[in-house]
Every structure is written in C-alpha cells, then in structure tokens.
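Here is model.txt, consisting of compact mmCIF, C-alpha atoms:
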# COMPACT_ATOMS: atom_id res chain seq x y z
CA MET A 111 0.00 0.00 0.00
CA PHE A 112 1.28 3.48 -0.87
CA PHE A 113 1.32 6.08 1.93
CA PRO A 114 1.60 9.47 0.19
CA ILE A 115 2.32 11.58 3.29
CA SER A 116 5.63 9.83 4.01
CA ASN A 117 6.03 8.76 0.37
CA SER A 118 6.53 5.08 1.26
CA HIS A 119 5.23 1.66 0.16
CA ILE A 120 4.51 -0.66 3.11
CA ASN A 121 2.44 -3.85 3.45
CA PRO A 122 -0.46 -2.93 5.82
CA LEU A 123 -0.41 -6.45 7.30
CA TYR A 124 3.22 -5.89 8.33
CA LEU A 125 2.21 -2.65 10.08
CA ALA A 126 -0.75 -4.29 11.85
CA VAL A 127 1.40 -7.20 13.06
CA VAL A 128 4.14 -4.82 14.29
CA GLY A 129 1.40 -2.84 16.05
CA PHE A 130 -0.04 -5.99 17.62
CA VAL A 131 3.32 -7.11 19.03
CA ILE A 132 4.05 -3.60 20.32
CA GLY A 133 0.54 -3.45 21.79
CA ILE A 134 1.10 -6.59 23.86
CA LEU A 135 4.46 -5.27 25.07
CA GLY A 136 2.95 -1.85 25.81
CA GLY A 137 0.07 -3.22 27.84
CA PHE A 138 2.36 -5.57 29.76
CA PHE A 139 5.42 -3.36 30.30
CA GLY A 140 3.91 0.14 30.12
CA VAL A 141 6.14 1.16 27.26
CA GLY A 142 5.31 2.81 23.96
CA GLY A 143 7.34 0.24 22.06
CA SER A 144 9.28 2.80 20.03
CA PHE A 145 12.47 0.75 20.37
CA ILE A 146 10.77 -1.73 18.04
CA ALA A 147 8.33 0.47 16.09
CA GLY A 148 10.95 3.04 15.05
CA PRO A 149 13.44 0.49 13.68
CA ALA A 150 10.58 -1.57 12.19
CA LEU A 151 9.41 1.48 10.21
CA ARG A 152 13.01 2.23 9.22
CA LEU A 153 13.32 -1.33 7.90
CA MET A 154 10.48 -0.53 5.48
CA GLY A 155 12.36 2.55 4.28
CA VAL A 156 10.51 5.23 6.28
CA ASP A 157 12.77 8.16 7.21
CA TRP A 158 13.73 8.48 10.89
CA ASN A 159 11.83 11.75 11.34
CA TYR A 160 8.60 10.12 10.02
CA ALA A 161 9.30 6.94 12.00
CA VAL A 162 9.63 9.00 15.21
CA GLY A 163 6.52 11.15 14.68
CA THR A 164 4.27 8.38 13.31
CA ASP A 165 5.26 6.05 16.10
CA LEU A 166 4.23 8.69 18.65
CA ALA A 167 0.82 9.07 16.99
CA HIS A 168 -0.03 5.37 17.20
CA ILE A 169 1.22 5.28 20.80
CA VAL A 170 -1.42 7.86 21.83
CA GLY A 171 -4.36 5.62 20.93
CA LYS A 172 -2.82 2.41 22.20
CA SER A 173 -1.90 4.00 25.54
CA ILE A 174 -5.45 5.34 26.01
CA VAL A 175 -6.84 1.82 25.69
CA ALA A 176 -4.17 0.25 27.93
CA ALA A 177 -4.30 3.00 30.60
CA ARG A 178 -8.10 2.72 30.85
CA LYS A 179 -7.77 -1.01 31.38
CA HIS A 180 -4.97 -0.58 33.96
CA ARG A 181 -7.07 1.99 35.82
CA THR A 182 -9.82 -0.58 36.34
CA LEU A 183 -7.15 -2.84 37.90
CA GLY A 184 -6.00 -0.06 40.28
CA ASN A 185 -2.61 0.30 38.58
CA VAL A 186 -2.62 4.04 37.89
CA ASP A 187 -1.30 6.79 40.21
CA LEU A 188 -3.08 9.80 38.68
CA LYS A 189 -1.28 12.40 40.84
CA LEU A 190 2.17 11.10 39.89
CA GLY A 191 1.15 10.79 36.24
CA MET A 192 -0.04 14.40 36.08
CA ILE A 193 3.15 15.77 37.68
CA MET A 194 5.35 13.70 35.39
CA ALA A 195 3.43 14.82 32.30
CA VAL A 196 4.56 18.43 32.92
CA GLY A 197 8.26 17.50 33.03
CA THR A 198 7.93 15.06 30.13
CA ILE A 199 6.43 17.69 27.82
CA GLY A 200 9.30 20.08 28.59
CA GLY A 201 11.88 17.38 27.94
CA ALA A 202 10.10 16.15 24.78
CA GLU A 203 10.22 19.62 23.27
CA GLY A 204 13.99 19.72 23.89
CA GLY A 205 14.39 16.34 22.19
CA ALA A 206 12.23 17.36 19.20
CA GLN A 207 14.24 20.58 18.79
CA LEU A 208 17.47 18.58 18.73
CA ILE A 209 15.98 16.34 16.00
CA GLN A 210 15.19 19.47 13.98
CA ALA A 211 18.74 20.80 14.44
CA LEU A 212 20.19 17.44 13.32
CA LYS A 213 17.82 17.41 10.33
CA ARG A 214 19.19 20.79 9.30
CA ALA A 215 22.77 19.56 9.83
CA GLY A 216 21.93 16.53 7.66
CA ASN A 217 23.09 13.77 10.03
CA VAL A 218 19.90 12.95 11.96
CA ASN A 219 19.86 9.23 11.03
CA THR A 220 23.43 8.47 12.14
CA VAL A 221 23.28 10.35 15.45
CA VAL A 222 19.86 9.00 16.47
CA SER A 223 20.94 5.45 15.57
CA TRP A 224 24.08 5.54 17.76
CA VAL A 225 22.31 7.16 20.70
CA ALA A 226 19.51 4.57 20.41
CA ILE A 227 22.00 1.66 20.50
CA PHE A 228 23.81 3.07 23.54
CA VAL A 229 20.59 3.74 25.51
CA TYR A 230 18.87 0.44 24.68
CA VAL A 231 21.90 -1.70 25.56
CA GLY A 232 22.52 0.25 28.79
CA ILE A 233 18.93 -0.21 30.02
CA SER A 234 18.91 -3.92 29.22
CA ALA A 235 22.23 -4.56 30.98
CA PHE A 236 21.14 -2.72 34.13
CA MET A 237 17.72 -4.36 34.33
CA LEU A 238 19.20 -7.81 33.75
CA TRP A 239 21.55 -7.34 36.69
CA GLU A 240 18.88 -5.85 38.97
CA SER A 241 15.99 -8.24 38.30
CA HIS A 242 18.24 -11.30 38.34
CA THR A 243 19.75 -10.23 41.69
CA THR A 244 16.31 -9.44 43.15
CA LEU A 245 14.89 -12.79 42.08
CA LYS A 246 17.88 -14.60 43.59
CA VAL A 247 17.57 -12.74 46.91
CA HIS A 248 13.79 -13.15 47.14
CA LYS A 249 13.68 -16.70 45.80
CA GLY A 250 10.36 -18.30 46.51
CA ARG A 251 8.36 -15.15 47.06
CA SER A 252 7.61 -14.65 43.39
CA ARG A 253 6.65 -18.29 42.97
CA ARG A 254 3.21 -17.57 44.32
CA ALA A 255 0.83 -16.57 41.59
CA VAL A 256 -0.02 -12.90 41.88
CA SER A 257 -3.69 -13.66 41.56
CA ASP A 258 -3.53 -15.76 44.72
CA VAL A 259 -2.49 -12.95 47.04
CA LYS A 260 -4.22 -9.76 48.07
CA ALA A 261 -3.91 -6.92 45.58
CA ALA A 262 -1.90 -4.67 47.91
CA GLU A 263 0.51 -7.46 48.78
CA SER A 264 0.95 -8.51 45.17
CA LYS A 265 1.86 -4.97 44.13
CA ALA A 266 4.41 -4.55 46.93
CA ASP A 267 7.76 -4.73 45.19
CA HIS A 268 11.34 -5.80 45.91
CA SER A 269 14.43 -4.55 44.14
CA ALA A 270 18.18 -5.13 44.49
CA PHE A 271 18.47 -1.40 43.79
CA GLY A 272 16.17 -0.68 46.77
CA PRO A 273 18.85 0.81 49.10
CA VAL A 274 19.78 3.43 46.47
CA THR A 275 16.09 4.17 45.85
CA ARG A 276 15.50 4.77 49.57
CA LYS A 277 18.49 7.15 49.67
CA ILE A 278 16.96 9.10 46.78
CA GLN A 279 13.60 9.20 48.59
CA ARG A 280 15.36 10.60 51.70
CA VAL A 281 16.61 13.65 49.76
CA LYS A 282 14.38 16.32 51.31
CA ILE A 283 14.28 19.16 48.84
CA TRP A 284 11.12 21.25 49.26
CA PRO A 285 8.38 20.69 48.17
CA MET A 286 7.93 17.04 49.20
CA ILE A 287 5.09 15.23 47.44
CA SER A 288 3.09 12.48 49.09
CA LEU A 289 1.83 9.75 46.75
CA PRO A 290 -0.49 7.48 48.75
CA THR A 291 -1.43 5.29 45.76
CA SER A 292 2.24 4.41 45.17
CA GLY A 293 3.00 4.46 48.91
CA ILE A 294 5.91 6.90 48.69
CA GLN A 295 6.88 10.46 49.64
CA ILE A 296 9.47 12.15 47.43
CA SER A 297 10.74 15.57 46.35
CA LEU A 298 8.88 17.19 43.45
CA TRP A 299 12.25 17.90 41.82
CA THR A 300 13.18 14.22 41.72
CA ILE A 301 9.90 13.42 39.95
CA LEU A 302 10.42 16.28 37.50
CA ALA A 303 14.04 15.27 36.81
CA VAL A 304 12.94 11.72 35.93
CA ALA A 305 10.15 13.12 33.75
CA VAL A 306 12.39 15.61 31.90
CA VAL A 307 15.00 12.95 31.08
CA GLY A 308 12.26 10.56 29.89
CA GLY A 309 10.64 13.35 27.88
CA PHE A 310 13.92 14.30 26.22
CA PHE A 311 14.43 10.76 24.94
CA SER A 312 10.78 10.64 23.92
CA GLY A 313 11.27 13.64 21.66
CA PHE A 314 14.69 12.52 20.46
CA LEU A 315 14.33 8.76 19.90
CA GLY A 316 10.56 8.69 19.47
CA GLY A 317 7.79 6.94 21.33
CA GLY A 318 6.71 7.57 24.87
CA ALA A 319 10.17 6.74 26.29
CA GLY A 320 8.59 4.20 28.60
CA TYR A 321 11.79 2.14 28.15
CA ILE A 322 13.50 4.81 30.28
CA ARG A 323 10.63 6.10 32.41
CA MET A 324 9.15 2.80 33.57
CA PRO A 325 12.51 1.57 34.98
CA SER A 326 13.21 5.09 36.36
CA MET A 327 9.89 5.11 38.21
CA VAL A 328 10.75 1.77 39.80
CA TYR A 329 14.47 2.37 40.53
CA VAL A 330 14.64 6.14 41.16
CA LEU A 331 11.19 6.98 42.56
CA GLY A 332 10.48 3.59 44.17
CA VAL A 333 7.06 3.05 42.60
CA PRO A 334 5.88 -0.62 42.60
CA THR A 335 6.28 -2.19 39.13
CA HIS A 336 2.55 -2.77 38.44
CA LEU A 337 1.79 0.86 39.31
CA ALA A 338 4.76 2.08 37.30
CA VAL A 339 3.41 0.24 34.24
CA GLY A 340 -0.12 1.71 34.56
CA THR A 341 0.99 5.22 35.56
CA ASP A 342 3.55 5.32 32.77
CA LEU A 343 0.83 4.51 30.24
CA PHE A 344 -1.42 7.25 31.63
CA GLU A 345 1.45 9.72 31.45
CA ILE A 346 2.33 8.57 27.92
CA VAL A 347 -1.19 9.50 26.76
CA ILE A 348 -0.56 13.15 27.71
CA SER A 349 3.07 13.41 26.63
CA ALA A 350 2.68 11.41 23.40
CA SER A 351 -0.33 13.57 22.42
CA TYR A 352 1.83 16.65 22.82
CA GLY A 353 4.69 14.93 20.97
CA THR A 354 2.37 13.94 18.12
CA PHE A 355 1.09 17.50 17.84
CA THR A 356 4.55 19.08 17.76
CA HIS A 357 5.93 16.47 15.32
CA ALA A 358 2.86 16.79 13.05
CA ILE A 359 3.41 20.54 12.82
CA LYS A 360 7.03 19.85 11.84
CA GLY A 361 5.85 17.44 9.11
CA ASN A 362 7.00 14.23 10.80
CA VAL A 363 3.68 12.33 11.15
CA ASP A 364 2.01 9.99 8.64
CA ILE A 365 -1.34 9.49 10.31
CA LEU A 366 -2.44 6.77 7.85
CA ILE A 367 0.52 4.55 8.80
CA ALA A 368 -0.24 5.26 12.48
CA LEU A 369 -3.87 4.20 12.04
CA VAL A 370 -2.90 0.88 10.44
CA MET A 371 -0.39 0.16 13.23
CA HIS A 372 -3.03 1.16 15.74
CA THR A 373 -5.51 -1.49 14.54
CA GLY A 374 -3.12 -4.20 15.73
CA ALA A 375 -1.78 -2.25 18.72
CA VAL A 376 -5.10 -1.72 20.51
CA ILE A 377 -5.89 -5.43 20.35
CA GLY A 378 -2.45 -6.38 21.66
CA ALA A 379 -2.56 -3.74 24.40
CA GLN A 380 -5.71 -5.22 25.93
CA ILE A 381 -4.12 -8.68 26.01
CA GLY A 382 -0.93 -7.27 27.57
CA VAL A 383 -2.80 -5.50 30.37
CA VAL A 384 -4.72 -8.62 31.37
CA ALA A 385 -1.43 -10.60 31.40
CA THR A 386 0.16 -8.30 34.05
CA GLN A 387 -2.22 -9.77 36.64
CA TYR A 388 -0.37 -13.06 36.49
CA PHE A 389 3.22 -11.87 37.09
CA ALA A 390 5.16 -10.36 40.04
CA GLY A 391 7.24 -7.15 39.67
CA PRO A 392 10.79 -8.59 39.36
CA LYS A 393 9.61 -11.11 36.75
CA ILE A 394 8.02 -8.34 34.70
CA ARG A 395 11.33 -6.43 34.87
CA LEU A 396 13.38 -9.50 33.90
CA ALA A 397 11.05 -10.17 30.97
CA PHE A 398 11.57 -6.54 29.93
CA VAL A 399 15.34 -7.05 29.38
CA PRO A 400 15.33 -8.45 25.80
CA LEU A 401 13.04 -5.72 24.45
CA PRO A 402 15.48 -2.80 24.17
CA LEU A 403 18.08 -5.28 22.86
CA ILE A 404 15.76 -6.18 19.98
CA GLY A 405 15.48 -2.47 19.17
CA ALA A 406 19.27 -2.08 19.35
CA ALA A 407 19.78 -5.11 17.09
CA ILE A 408 17.44 -3.65 14.45
CA VAL A 409 19.26 -0.31 14.56
CA VAL A 410 22.66 -2.07 14.24
CA TYR A 411 21.30 -4.04 11.28
CA THR A 412 20.16 -0.88 9.50
CA LEU A 413 23.52 0.76 10.23
CA VAL A 414 25.56 -2.20 8.96
CA THR A 415 23.49 -2.82 5.82
CA GLY A 416 23.23 0.89 5.09
CA HIS A 417 19.45 0.58 4.71
CA LYS A 418 18.50 4.20 3.94
CA LEU A 419 20.93 5.64 6.48
CA MET B 809 -12.65 -20.53 40.35
CA LYS B 810 -11.29 -22.01 37.09
CA GLN B 811 -14.76 -21.77 35.54
CA ASP B 812 -14.90 -18.07 36.46
CA THR B 813 -11.50 -17.47 34.86
CA ALA B 814 -12.48 -19.36 31.73
CA LYS B 815 -15.75 -17.43 31.52
CA SER B 816 -14.09 -14.04 31.95
CA LEU B 817 -11.47 -14.98 29.33
CA ARG B 818 -14.26 -15.97 26.90
CA VAL B 819 -16.00 -12.63 27.49
CA PHE B 820 -12.69 -10.83 26.99
CA ALA B 821 -12.02 -12.72 23.74
CA ALA B 822 -15.51 -11.94 22.39
CA GLU B 823 -15.15 -8.24 23.21
CA LEU B 824 -11.73 -8.23 21.57
CA ALA B 825 -13.11 -9.84 18.40
CA ILE B 826 -15.79 -7.15 18.07
CA TYR B 827 -13.21 -4.46 18.72
CA ALA B 828 -10.86 -5.89 16.07
CA VAL B 829 -13.60 -5.75 13.42
CA LEU B 830 -14.48 -2.16 14.37
CA VAL B 831 -10.90 -0.79 14.34
CA THR B 832 -10.20 -2.40 10.96
CA ALA B 833 -13.43 -1.01 9.47
CA TYR B 834 -12.56 2.39 10.96
CA PHE B 835 -9.18 2.46 9.22
CA PHE B 836 -10.62 1.63 5.80
CA LEU B 837 -13.36 4.21 6.31
CA VAL B 838 -10.77 6.91 7.15
CA LEU B 839 -8.55 5.84 4.23
CA HIS B 840 -11.45 5.87 1.76
CA VAL B 841 -13.18 9.06 2.95
CA LEU B 842 -10.32 11.18 4.31
CA GLY B 843 -7.17 9.81 2.61
CA GLY B 844 -6.82 12.49 -0.06
CA TRP B 845 -7.94 15.28 2.24
CA LEU B 846 -5.38 14.32 4.92
CA TYR B 847 -2.59 14.43 2.33
CA GLN B 848 -3.62 17.92 1.25
CA LEU B 849 -3.94 19.00 4.86
CA GLU B 850 -0.45 17.73 5.73
CA THR B 851 1.12 19.76 2.95
CA LYS B 852 -0.92 22.98 3.35
CA HIS B 853 -2.36 23.30 6.89
CA ARG B 854 0.00 21.60 9.33
CA ILE B 855 -1.66 22.84 12.56
CA LEU B 856 -5.10 21.63 11.48
CA TYR B 857 -3.50 18.38 10.34
CA ALA B 858 -1.92 17.93 13.79
CA VAL B 859 -5.29 18.42 15.53
CA VAL B 860 -7.11 16.08 13.12
CA ALA B 861 -4.38 13.43 13.51
CA ILE B 862 -4.76 13.35 17.30
CA LEU B 863 -8.56 13.32 17.06
CA LEU B 864 -8.50 10.43 14.59
CA ILE B 865 -6.18 8.28 16.68
CA ALA B 866 -7.86 9.10 20.02
CA GLY B 867 -11.26 8.56 18.42
CA GLN B 868 -10.21 5.13 17.25
CA ALA B 869 -9.27 4.29 20.84
CA VAL B 870 -12.04 5.93 22.89
CA VAL B 871 -15.10 5.89 20.65
CA LEU B 872 -14.55 2.39 19.31
CA ASP B 873 -13.85 1.07 22.82
CA ALA B 874 -17.15 2.53 24.02
CA LEU B 875 -18.94 1.27 20.92
CA THR B 876 -17.55 -2.22 21.51
CA THR B 877 -18.89 -2.23 25.06
CA VAL B 878 -22.36 -1.16 23.88
CA LEU B 879 -22.41 -3.68 21.02
CA PHE B 880 -21.20 -6.45 23.31
CA ARG B 881 -23.95 -5.74 25.84
CA LEU B 882 -26.56 -5.81 23.08
CA LEU B 883 -25.23 -9.10 21.73
CA ARG B 884 -25.17 -10.69 25.18
CA ARG B 885 -28.80 -9.76 25.73
CA ARG B 886 -29.69 -11.42 22.41
CA TRP B 887 -27.77 -14.60 23.28
CA ARG B 888 -29.63 -14.88 26.56
Transcribe the structure of this file into structure tokens.
Amino acid sequence: MFFPISNSHINPLYLAVVGFVIGILGGFFGVGGSFIAGPALRLMGVDWNYAVGTDLAHIVGKSIVAARKHRTLGNVDLKLGMIMAVGTIGGAEGGAQLIQALKRAGNVNTVVSWVAIFVYVGISAFMLWESHTTLKVHKGRSRRAVSDVKAAESKADHSAFGPVTRKIQRVKIWPMISLPTSGIQISLWTILAVAVVGGFFSGFLGGGAGYIRMPSMVYVLGVPTHLAVGTDLFEIVISASYGTFTHAIKGNVDILIALVMHTGAVIGAQIGVVATQYFAGPKIRLAFVPLPLIGAAIVVYTLVTGHKL
Amino acid sequence: MKQDTAKSLRVFAAELAIYAVLVTAYFFLVLHVLGGWLYQLETKHRILYAVVAILLIAGQAVVLDALTTVLFRLLRRRWR
C-alpha cells in the first residue's frame, strides 16, 4: 500500500502485526514500544523523522486503551502521572528541537541510531543485573501466583536497587510530594528530573520513552512495578499527544501509517494488560530485558546494511 | 474458580473480536473518505493536520472502545 504523506510503500499487514506485538508489550510493560516500532518502520524505508513522529501518533491511541484497562485494575497513580506529564512535555520539546537541528545539519539518522544503540543496551544490561539479583535474593516469594495474594501485597515490590532508591527518597528538597497510591513520599524535583530525562528521549528517539521512564519510576522513585506500568501509560497519553502535535506541525507524522499500526496495537494492548495480573514485579522487569536489545539489534542491522541511512 | 477465569477470558475474547472488526473497518473508512484530504492538509495546513491526527487516533481508541462495550452488551442480551 502506498502512503503518500511519508512517500513510502509498506504492506499494511506488516504494520498491523508490528502494532499488535508492540501493543502486547505496551500493555504488559507500560512502554510505547518505540524501540521496536521506530526500527521496524526504518526497515520498510521510512525516514527516521517520520518513523519517530508516526510512532508517537499510534502510541497515543494504544496507551489510552491500555491506561483505561490498567485503571480498572488499580494500577494508575493519577497524581504522579499528572506531575510527570509536565516534566515530560518540557523534555520532549527539547528532544524534538534537537531532531530538527540534526535534520538541518543533515546527520539525523546516524546520530539517532548511535544514541539509540547506547541507551537500549545500557537499560537492558542494568535491568538484567537488577531483576536477576532481586529474584535470587527473594527466591520463593515470586513463585506464588499474583492472583492468589491480596492486591496490595501482590503490588508490593522488591528490588536489588532498593537501598539506592531509599536514599533518593530521603533527599528532602522542598516541596515534598506524598503519593499514597504508590505508597511513597518524594521531592517534586526528583519526579520532574525523571520526567524531563524521559521526555527528552521521547522527543529525540521517538515513542513515549517508557523504556526509560518505567525503569526510572521503579528504581529512582520507588514506585511498585505494576503501578509504574499503569501510571507510565497514563502519562504517555498526555506526553505522546503533545509529541504527536509538535511532530505533526514539523511534518513528521504519517497518520495513515499510524492508524494501520493502531488497529493491531489496541488489540495487543488489551491482552498485555490482562497478562500483568499473572506476574510479580521482578519477573516483569526480567522479561523486559530483551526488548530494548531487539530495538538495538534492528538499529545495528540498519547501520551495517546501510538501509537508507 | 477455574470456571470463572475461563468465563471471563471468553467474554474478553468476544469483546476483543468485536473491537478488532471495528478498528479495521474504521481504518478503511478513514482511508477511503479522508485519505486524499489528509494528504492535502499535511502539505498545506499543518496545525489543522496535527489536531485532526490526534482526534482520529484518540477517536479510534475511545469511541470504538465505548462502541464495543455497547455492542457487546446488546449481543449478550440477544444470546440470553
């Protein structure tokens, strides 16, 4: 099928299947799935700027569906999500501006590719170490099916990075924000810092940057994994909507491609959300590890083969 | 307990099937009715294009989700 806005020929079934896979991952991990969607669009010959903007557009719809479903399961901290949205939008604008500057300089594809590889591999390596260590230390606890224990108990989380997280939570820089749903009290500036960094990568690498924000919410803020997944999706709705708007104005969004991807993504997202009920936090984080690596592998492939780079 | 899980999974699968049909139909409707107009909009009126793009994608998520729920309720009543 020919998509005139981005001037590209792509099989719609390919887009729907990519959307479906990303939807499942999004609903389960609370990520936009840009580490797969961006490279997957690049593989079909879509320019990086269109891949970034179009990916954001399909993420909006998918995250609405997944966040609504997570809310019914009690997995969304609205207060935290609203605060983070402010910082994310600021950071996303910075990232989008950098993309524009690189477009003008003529080396957007190379720079974004190398940054993507570095970030994806770094996240995977850290989460592999952390979740593996946590599971070893708390052997046995995660064996119980989540559905068998009370909701509050099942969402209580353990992390090998916990001591560092508690130190971060003890940093008392006014104003301190109490988040009863997540069960934490933390400085507003810490929340905003996490949001701005996530937002920057959202604007720069595309997607909702859940691959950075979801782990940051768990490791830096100390939010339980299930809540981090749901809250991240809620926050992605706001930030990705803004990102879509700003990228569309800059001519980086092919809405027809986004709509095809979305047909598969919304179905997958619903399946992913329901699946979270059957897994404990550290196992969700361990399962997360291969995802950014897949994204990195696709980017390496496009770099090595010179596929429209 | 297992019967409850199986039943809720069946309900979930049925809702999902209805939703899948609706989102696919929605895409072809948008492509057929708005395809050419969206292309023109993207080249000439970027701000309007940005607003329409968000409305189209959010509409696909929110409106079709609500429509699925209504349709599913109607179908369940008929089956009973």
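Distances from B:Leu872, B:Ala858, B:Leu864, B:Leu846 to chain A were compared using all atoms listed in the file, and the smallest one belongs to B:Ala858.
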Selected residue, from A:Gly374, A:Gly142, A:Pro400, A:Gly382, that lies nearest to Ala825 in chain B when counting only C-alpha atoms: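 Smallest distance to Ala825 in chain B is found for A:Gly374.
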10 Å contact set for range 156-160 of chain A, all atoms listed in the file, chain neighbours under 3 positions out, as a ChimeraX atom specification: /A:115-120,148-153,163-166,206,209-210,213,218-220,222-223,314-316,357-358,360-365,367,418-419
7 Å contacts from chain B to chain A using only C-alpha atoms, as a list in words: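 The complete set of qualifying residues is Leu824, Ala828, Val831, Thr832, Phe835, Tyr847, Arg854, Ile855, Ala858, Val859, Ala861, Ile862, Ile865, Ala866, Gln868 and Ala869 of chain B.
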Straight-line distance linking CA of Thr291 in chain A with CA of Phe820 in chain B, stated in Å to one decimal: 27.2 Å
Selected residue, from B:Gln848, B:Leu882, B:Tyr857, B:Gly867, that lies nearest to Tyr834 in chain B when counting all atoms listed in the file: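 Of B:Gln848, B:Leu882, B:Tyr857, B:Gly867, the one nearest Tyr834 in chain B is B:Gly867, counting all atoms listed in the file.
A straight line drawn from CA of Val127 in chain A to CA of Gly844 in chain B is 25.0 Å long.
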Coordinates-based distance that separates CA of Val383 in chain A from CA of Ala874 in chain B (Å, one decimal):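 That distance, rounded to one decimal, is 17.6 Å.
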Within-12 Å shell of (-20.0, -15.2, 27.2) in input frame, all atoms listed in the file, as a list in words: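 Selection result: Gln811, Asp812, Thr813, Ala814, Lys815, Ser816, Leu817, Arg818, Val819, Phe820, Ala821, Ala822, Glu823, Phe880, Arg881, Leu883, Arg884, Arg885, Arg886, Trp887 and Arg888 of chain B.
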Nearest residue to Gly143 in chain A from the set A:Thr341, A:Thr386, A:Ser312, A:Thr243 (distances using all atoms listed in the file):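 Smallest separation from Gly143 in chain A among the options: A:Ser312.
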Shell of 7 Å around Gly309 in chain A, only C-alpha atoms, local chain residues under 3 positions omitted, as a ChimeraX atom specification: /A:198-202,305-306,312-313,319
Step by step, gather every atom of range 177-190 of chain A that the file lists, find the box along x, y and z that holds them, add 4 Å on each side, and finally give centre and edge lengths in Å to one decimal, as lines of an AutoDock Vina configuration file.
center_x = -3.8
center_y = 4.8
center_z = 35.7
size_x = 20.0
size_y = 23.2
size_z = 18.2
Long-range neighbours of range 320-326 of chain A as a ChimeraX atom specification, 10 Å cut-off, all atoms listed in the file, 5 positions minimum in chain: /A:136,139-145,194,198,229-230,233-234,236-237,275,301,304-309,311-312,331-333,335-343,345-346,395,398-399,401-402
With N, CA and C atoms as the target, complete range 812-833 of chain B and hand it back as a tab-separated table (two decimals), in the frame of the given file.
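Here's the written file result15.tsv:
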chain	number	residue	atom	x	y	z
B	812	ASP	N	-14.78	-19.54	36.50
B	812	ASP	CA	-14.90	-18.07	36.46
B	812	ASP	C	-13.84	-17.47	35.53
B	813	THR	N	-12.60	-17.97	35.69
B	813	THR	CA	-11.50	-17.47	34.86
B	813	THR	C	-11.77	-17.76	33.39
B	814	ALA	N	-12.21	-18.99	33.12
B	814	ALA	CA	-12.48	-19.36	31.73
B	814	ALA	C	-13.60	-18.50	31.15
B	815	LYS	N	-14.62	-18.24	31.98
B	815	LYS	CA	-15.75	-17.43	31.52
B	815	LYS	C	-15.30	-15.99	31.22
B	816	SER	N	-14.52	-15.43	32.16
B	816	SER	CA	-14.09	-14.04	31.95
B	816	SER	C	-13.14	-13.93	30.75
B	817	LEU	N	-12.35	-14.99	30.50
B	817	LEU	CA	-11.47	-14.98	29.33
B	817	LEU	C	-12.28	-15.08	28.03
B	818	ARG	N	-13.38	-15.86	28.08
B	818	ARG	CA	-14.26	-15.97	26.90
B	818	ARG	C	-14.90	-14.63	26.58
B	819	VAL	N	-15.38	-13.95	27.65
B	819	VAL	CA	-16.00	-12.63	27.49
B	819	VAL	C	-14.99	-11.65	26.90
B	820	PHE	N	-13.77	-11.71	27.45
B	820	PHE	CA	-12.69	-10.83	26.99
B	820	PHE	C	-12.39	-11.08	25.51
B	821	ALA	N	-12.32	-12.36	25.13
B	821	ALA	CA	-12.02	-12.72	23.74
B	821	ALA	C	-13.12	-12.24	22.79
B	822	ALA	N	-14.38	-12.37	23.23
B	822	ALA	CA	-15.51	-11.94	22.39
B	822	ALA	C	-15.49	-10.42	22.19
B	823	GLU	N	-15.22	-9.71	23.29
B	823	GLU	CA	-15.15	-8.24	23.21
B	823	GLU	C	-14.03	-7.82	22.26
B	824	LEU	N	-12.92	-8.53	22.38
B	824	LEU	CA	-11.73	-8.23	21.57
B	824	LEU	C	-12.02	-8.46	20.08
B	825	ALA	N	-12.78	-9.52	19.80
B	825	ALA	CA	-13.11	-9.84	18.40
B	825	ALA	C	-13.96	-8.72	17.79
B	826	ILE	N	-14.93	-8.24	18.56
B	826	ILE	CA	-15.79	-7.15	18.07
B	826	ILE	C	-14.94	-5.90	17.84
B	827	TYR	N	-14.07	-5.65	18.79
B	827	TYR	CA	-13.21	-4.46	18.72
B	827	TYR	C	-12.30	-4.52	17.49
B	828	ALA	N	-11.76	-5.72	17.21
B	828	ALA	CA	-10.86	-5.89	16.07
B	828	ALA	C	-11.58	-5.56	14.76
B	829	VAL	N	-12.82	-6.03	14.65
B	829	VAL	CA	-13.60	-5.75	13.42
B	829	VAL	C	-13.82	-4.25	13.28
B	830	LEU	N	-14.18	-3.60	14.41
B	830	LEU	CA	-14.48	-2.16	14.37
B	830	LEU	C	-13.24	-1.31	14.01
B	831	VAL	N	-12.10	-1.61	14.61
B	831	VAL	CA	-10.90	-0.79	14.34
B	831	VAL	C	-10.44	-0.95	12.88
B	832	THR	N	-10.59	-2.17	12.35
B	832	THR	CA	-10.20	-2.40	10.96
B	832	THR	C	-11.13	-1.63	10.02
B	833	ALA	N	-12.44	-1.73	10.30
B	833	ALA	CA	-13.43	-1.01	9.47
B	833	ALA	C	-13.17	0.50	9.55
